[in-house]
Amino acid sequence: MSSKSKFKNVKGTRDILPEEAIRWQKIENIIRKKMEQYNFQEVRFPTFEATDLFRKSTGESTDIVRKEMFTFEDMGGRSLTLKPEGTPSVVRMFLQHGLFNKGALQKFYYIERMFRQERPQKGRYREFRQFGAEVIGSSSAESDVELVKSALDIFNELDIKDVELNINSIGCPRCRKNFIKEFKGFLKEKLSGLCEDCNRRYAENPMRILDCKRDKKKIKGAPVPSDFLCDECKEHFEEFKNRLDFLNIKFNIDNRLVRGLDYYTKTVFEFVNSNLGSQNEVGGGGRYDELIKFMGGEDTPASGYAVGIDRLMLLLKEEEEKLGVDVYIVTFDEESDAEGWKILNGLRDAGFSCDKDPMRRTVKAQFREADRQNAKWVIIIGEDERKRGIVQLKNMGKGEQKEIPMKTGKIVKELKC
Ligand code: HAM
């Protein structure tokens, strides 16, 4: 069949066809299993939120808020935005639903679609999927290590190798003040030679200049936040590193790692894999001890991370995924067809995946379909079988065929053998 449709999916979005969907399901199952082993509880949140939520939490000076959000007005003139990341929604839910009353420590996870208007390329899409984990209530480095370990466990279970962990501490607002002062002093002379974005960041959020790929060389030798850590932040970072060491988790210290979101304090980390090309960041996160208070809650420490599932997909080994049903039912005539549907419903109720041709095609076409569906078993019913009250049950792997009474219970018993 040739397609004359002029419609195509929108740039930066992706269709996931059946074989690929099986791999997505596998990944999602592993994420859920691991997250539950770590006692994270699943939350789901809306596709769009009030634009201000992201402006205030993700941060006005971030690339996400400045140029990447899908923002629109509803009919009442309210500004709404398709969620570009999950942390603001989790914090909103935590505050809105009084989840802080449920205990001093809350551990959440999510698997959600996110939307960012970035220039599409391999590994970078306008609609993508993330899983994320957030620990709210704990200020300890143990929680940060637990988060890191949960992500590494998932990579491991997916057999994704060569993921490197980069870490840094960007301090708290108090020690950051001293860094910013020194850093701005260092940059003053160089500013005219830096890119437009860095010039804007100089006024809005100078620390992000450390993140600039274009001006990296021009700011060589610049002061870095970790040189200015106060005793508390220093101790926290030491504890984080010691505990990673204790668990034999390898890491690199990247003292220029600041991450692109405004809410981070103290520890930040990222997972990278060089096989991904220019979009080599598989995931990242860090502490956000100030955000909950800033959003109107009590002073509550928190940390978390998110991983791009589309990027995980690119790193998974290509394995041929086969569609498949347990049982396919082939019938020879109209009356057998009715019996076939009855048996099919019984087998589905008993927990088997089972299918049958709804288009009354020829027996040959039905067998072809059973093959295409990789059926493990085929049940064959014709006039003779009906008269004798039996079905033919063919084991497609072994090529063996047996006669079984035409009773769902008996067929189920045989299939379970
Ligand atoms: P993020 O670094 O902005 O962090 O995104 C996390 C991950 O999402 C990235 O490492 C990447 O794998 C994936 N990702 C981001 N943008 C795209 C895109 N356009 N296409 C495909 N994948 C993408 C956050 O979102 C924070 N909320 C993480 C966090 C949670 N921090 C604390 N808690």
# chains A, B, ... in the order shown; residues from 1 in each chain; ligands from 1
$ residues_around --residues "Leu314 (chain A)" --least-positions-apart "4" --cutoff "10 Å" --atoms "only C-alpha atoms" --output "ChimeraX atom specification"
/A:122-123,275-276,309-310,318
$ residues_near_ligand --ligand "ligand 1" --cutoff "8 Å" --atoms "only C-alpha atoms and all ligand atoms" --output "ChimeraX atom specification"
/A:84-88,114-118,120,123-130,132-134,259-261,264,270-271,279-288,303-312
$ closest_residue --among "A:Val412, A:Gly324, A:Gly185, A:Cys195" --to "Arg372 (chain A)" --atoms "only C-alpha atoms"
A:Gly324
$ atom_distance --atom1 "CA of Leu147 (chain A)" --atom2 "CA of Leu95 (chain A)"
21.7 Å
$ residues_around --residues "Trp377 (chain A)" --least-positions-apart "2" --cutoff "7 Å" --atoms "only C-alpha atoms" --output "list in words"
Asp326, Val327, Tyr328, Ala375, Ile379, Leu393, Lys394, Asn395 and Met396 of chain A
$ select_by_dssp --residues "region 4-241 of chain A" --states "strand (DSSP E or B)" --output "PyMOL selection string"
chain A and resi 41-42+48-50+71-73+79-82+106-115+121+124+127-136+164-169
$ residues_around --residues "Ser336 (chain A)" --least-positions-apart "3" --cutoff "6 Å" --atoms "only C-alpha atoms" --output "NGL selection string"
:A and (331 or 333 or 339-340 or 381-382)
$ residues_around --residues "Gly137 (chain A)" --least-positions-apart "4" --cutoff "7 Å" --atoms "only C-alpha atoms" --output "list of chain:residue names"
A:Ala104, A:Leu105, A:Gln106, A:Thr300, A:Pro301, A:Ala302
$ write_last_selection --atoms "all heavy atoms" --output "CSV table (one decimal), in the first residue's frame"
chain,number,residue,atom,x,y,z
A,104,ALA,N,8.6,13.1,57.5
A,104,ALA,CA,9.7,14.0,57.3
A,104,ALA,C,10.4,13.8,56.0
A,104,ALA,O,11.1,14.7,55.5
A,104,ALA,CB,10.6,13.9,58.5
A,105,LEU,N,10.3,12.5,55.5
A,105,LEU,CA,11.1,12.2,54.3
A,105,LEU,C,10.1,11.6,53.3
A,105,LEU,O,9.3,10.8,53.6
A,105,LEU,CB,12.1,11.1,54.7
A,105,LEU,CG,13.0,10.7,53.5
A,105,LEU,CD1,13.9,11.8,53.1
A,105,LEU,CD2,13.7,9.4,53.9
A,106,GLN,N,10.2,12.2,52.1
A,106,GLN,CA,9.3,11.7,51.0
A,106,GLN,C,10.2,11.4,49.8
A,106,GLN,O,11.1,12.2,49.4
A,106,GLN,CB,8.3,12.8,50.6
A,106,GLN,CG,7.5,13.3,51.7
A,106,GLN,CD,6.3,12.4,52.0
A,106,GLN,OE1,5.8,11.8,51.2
A,106,GLN,NE2,6.0,12.3,53.3
A,300,THR,N,13.0,23.2,53.6
A,300,THR,CA,13.0,21.8,53.5
A,300,THR,C,14.1,21.4,52.5
A,300,THR,O,14.0,21.8,51.3
A,300,THR,CB,11.7,21.2,52.9
A,300,THR,OG1,10.6,21.8,53.7
A,300,THR,CG2,11.6,19.7,53.0
A,301,PRO,N,15.1,20.7,52.9
A,301,PRO,CA,16.2,20.3,51.9
A,301,PRO,C,15.6,19.2,51.0
A,301,PRO,O,14.7,18.5,51.3
A,301,PRO,CB,17.3,19.7,52.8
A,301,PRO,CG,16.5,19.2,54.0
A,301,PRO,CD,15.3,20.1,54.2
A,302,ALA,N,16.3,19.1,49.8
A,302,ALA,CA,15.8,18.1,48.8
A,302,ALA,C,16.9,17.9,47.8
A,302,ALA,O,17.8,18.7,47.6
A,302,ALA,CB,14.6,18.6,48.1
$ closest_residue --among "A:Ser61, A:Ser3, A:Ser79, A:Ser150" --to "Ile30 (chain A)" --atoms "only C-alpha atoms"
A:Ser150
$ closest_residue --among "A:Val43, A:Cys175, A:Val363, A:Val258" --to "Asp231 (chain A)" --atoms "only C-alpha atoms"
A:Cys175
$ residues_around --residues "region 25-27 of chain A" --least-positions-apart "2" --cutoff "10 Å" --atoms "only C-alpha atoms" --output "PDB file with N, CA, C and O atoms, in the first residue's frame"
ATOM      1  N   GLU A  20       9.588  -1.152  18.625  1.00  0.00           N
ATOM      2  CA  GLU A  20      10.330  -0.256  19.518  1.00  0.00           C
ATOM      3  C   GLU A  20       9.589  -0.094  20.853  1.00  0.00           C
ATOM      4  O   GLU A  20      10.202   0.026  21.911  1.00  0.00           O
ATOM      5  N   ALA A  21       8.256  -0.120  20.758  1.00  0.00           N
ATOM      6  CA  ALA A  21       7.466   0.043  21.984  1.00  0.00           C
ATOM      7  C   ALA A  21       7.763  -1.075  22.977  1.00  0.00           C
ATOM      8  O   ALA A  21       7.735  -0.869  24.188  1.00  0.00           O
ATOM      9  N   ILE A  22       8.083  -2.261  22.450  1.00  0.00           N
ATOM     10  CA  ILE A  22       8.405  -3.381  23.356  1.00  0.00           C
ATOM     11  C   ILE A  22       9.650  -3.019  24.164  1.00  0.00           C
ATOM     12  O   ILE A  22       9.734  -3.267  25.362  1.00  0.00           O
ATOM     13  N   ARG A  23      10.630  -2.392  23.498  1.00  0.00           N
ATOM     14  CA  ARG A  23      11.863  -2.010  24.210  1.00  0.00           C
ATOM     15  C   ARG A  23      11.563  -0.915  25.239  1.00  0.00           C
ATOM     16  O   ARG A  23      12.121  -0.899  26.325  1.00  0.00           O
ATOM     17  N   ASN A  29       9.724  -1.001  32.679  1.00  0.00           N
ATOM     18  CA  ASN A  29       9.553  -2.022  33.726  1.00  0.00           C
ATOM     19  C   ASN A  29      10.761  -2.061  34.659  1.00  0.00           C
ATOM     20  O   ASN A  29      10.618  -2.176  35.874  1.00  0.00           O
ATOM     21  N   ILE A  30      11.954  -1.941  34.057  1.00  0.00           N
ATOM     22  CA  ILE A  30      13.172  -1.957  34.888  1.00  0.00           C
ATOM     23  C   ILE A  30      13.215  -0.723  35.787  1.00  0.00           C
ATOM     24  O   ILE A  30      13.541  -0.808  36.972  1.00  0.00           O
ATOM     25  N   ILE A  31      12.854   0.432  35.224  1.00  0.00           N
ATOM     26  CA  ILE A  31      12.850   1.661  36.039  1.00  0.00           C
ATOM     27  C   ILE A  31      11.896   1.493  37.219  1.00  0.00           C
ATOM     28  O   ILE A  31      12.252   1.743  38.377  1.00  0.00           O
ATOM     29  N   ARG A  32      10.676   1.042  36.904  1.00  0.00           N
ATOM     30  CA  ARG A  32       9.690   0.878  37.988  1.00  0.00           C
ATOM     31  C   ARG A  32      10.175  -0.101  39.052  1.00  0.00           C
ATOM     32  O   ARG A  32      10.067   0.149  40.244  1.00  0.00           O
ATOM     33  N   LYS A  33      10.722  -1.229  38.577  1.00  0.00           N
ATOM     34  CA  LYS A  33      11.175  -2.254  39.532  1.00  0.00           C
ATOM     35  C   LYS A  33      12.250  -1.667  40.456  1.00  0.00           C
ATOM     36  O   LYS A  33      12.167  -1.777  41.672  1.00  0.00           O
ATOM     37  N   ILE A 154      20.099   1.207  37.452  1.00  0.00           N
ATOM     38  CA  ILE A 154      19.211   1.085  36.284  1.00  0.00           C
ATOM     39  C   ILE A 154      20.059   0.951  35.005  1.00  0.00           C
ATOM     40  O   ILE A 154      19.786   0.102  34.158  1.00  0.00           O
ATOM     41  N   PHE A 155      21.119   1.760  34.885  1.00  0.00           N
ATOM     42  CA  PHE A 155      21.995   1.626  33.704  1.00  0.00           C
ATOM     43  C   PHE A 155      22.558   0.210  33.638  1.00  0.00           C
ATOM     44  O   PHE A 155      22.632  -0.405  32.578  1.00  0.00           O
ATOM     45  N   GLU A 157      21.383  -2.593  34.977  1.00  0.00           N
ATOM     46  CA  GLU A 157      20.359  -3.590  34.665  1.00  0.00           C
ATOM     47  C   GLU A 157      20.013  -3.562  33.165  1.00  0.00           C
ATOM     48  O   GLU A 157      19.647  -4.562  32.583  1.00  0.00           O
ATOM     49  N   LEU A 158      20.152  -2.389  32.567  1.00  0.00           N
ATOM     50  CA  LEU A 158      19.881  -2.276  31.122  1.00  0.00           C
ATOM     51  C   LEU A 158      21.118  -2.661  30.305  1.00  0.00           C
ATOM     52  O   LEU A 158      21.097  -2.606  29.080  1.00  0.00           O
ATOM     53  N   ILE A 309      15.096   9.174  28.809  1.00  0.00           N
ATOM     54  CA  ILE A 309      14.887   7.771  28.391  1.00  0.00           C
ATOM     55  C   ILE A 309      15.179   7.606  26.893  1.00  0.00           C
ATOM     56  O   ILE A 309      15.662   6.568  26.453  1.00  0.00           O
ATOM     57  N   LEU A 312      18.679   6.839  26.693  1.00  0.00           N
ATOM     58  CA  LEU A 312      18.944   5.453  27.100  1.00  0.00           C
ATOM     59  C   LEU A 312      18.669   4.513  25.943  1.00  0.00           C
ATOM     60  O   LEU A 312      19.417   3.572  25.691  1.00  0.00           O
ATOM     61  N   MET A 313      17.581   4.802  25.220  1.00  0.00           N
ATOM     62  CA  MET A 313      17.201   3.960  24.074  1.00  0.00           C
ATOM     63  C   MET A 313      18.330   3.913  23.051  1.00  0.00           C
ATOM     64  O   MET A 313      18.605   2.876  22.460  1.00  0.00           O
ATOM     65  N   LEU A 316      20.995   1.454  24.207  1.00  0.00           N
ATOM     66  CA  LEU A 316      20.664   0.034  24.356  1.00  0.00           C
ATOM     67  C   LEU A 316      21.162  -0.741  23.152  1.00  0.00           C
ATOM     68  O   LEU A 316      21.095  -0.250  22.030  1.00  0.00           O
TER      69      LEU A 316
END
$ residues_around --residues "Met359 (chain A)" --least-positions-apart "2" --cutoff "12 Å" --atoms "only C-alpha atoms" --output "PyMOL selection string"
chain A and resi 330-331+334+337+356-357+361-363+365-366+369
$ closest_residue --among "A:Glu204, A:Asp371, A:Asp227, A:Asp162" --to "Lys322 (chain A)" --atoms "only C-alpha atoms"
A:Asp371
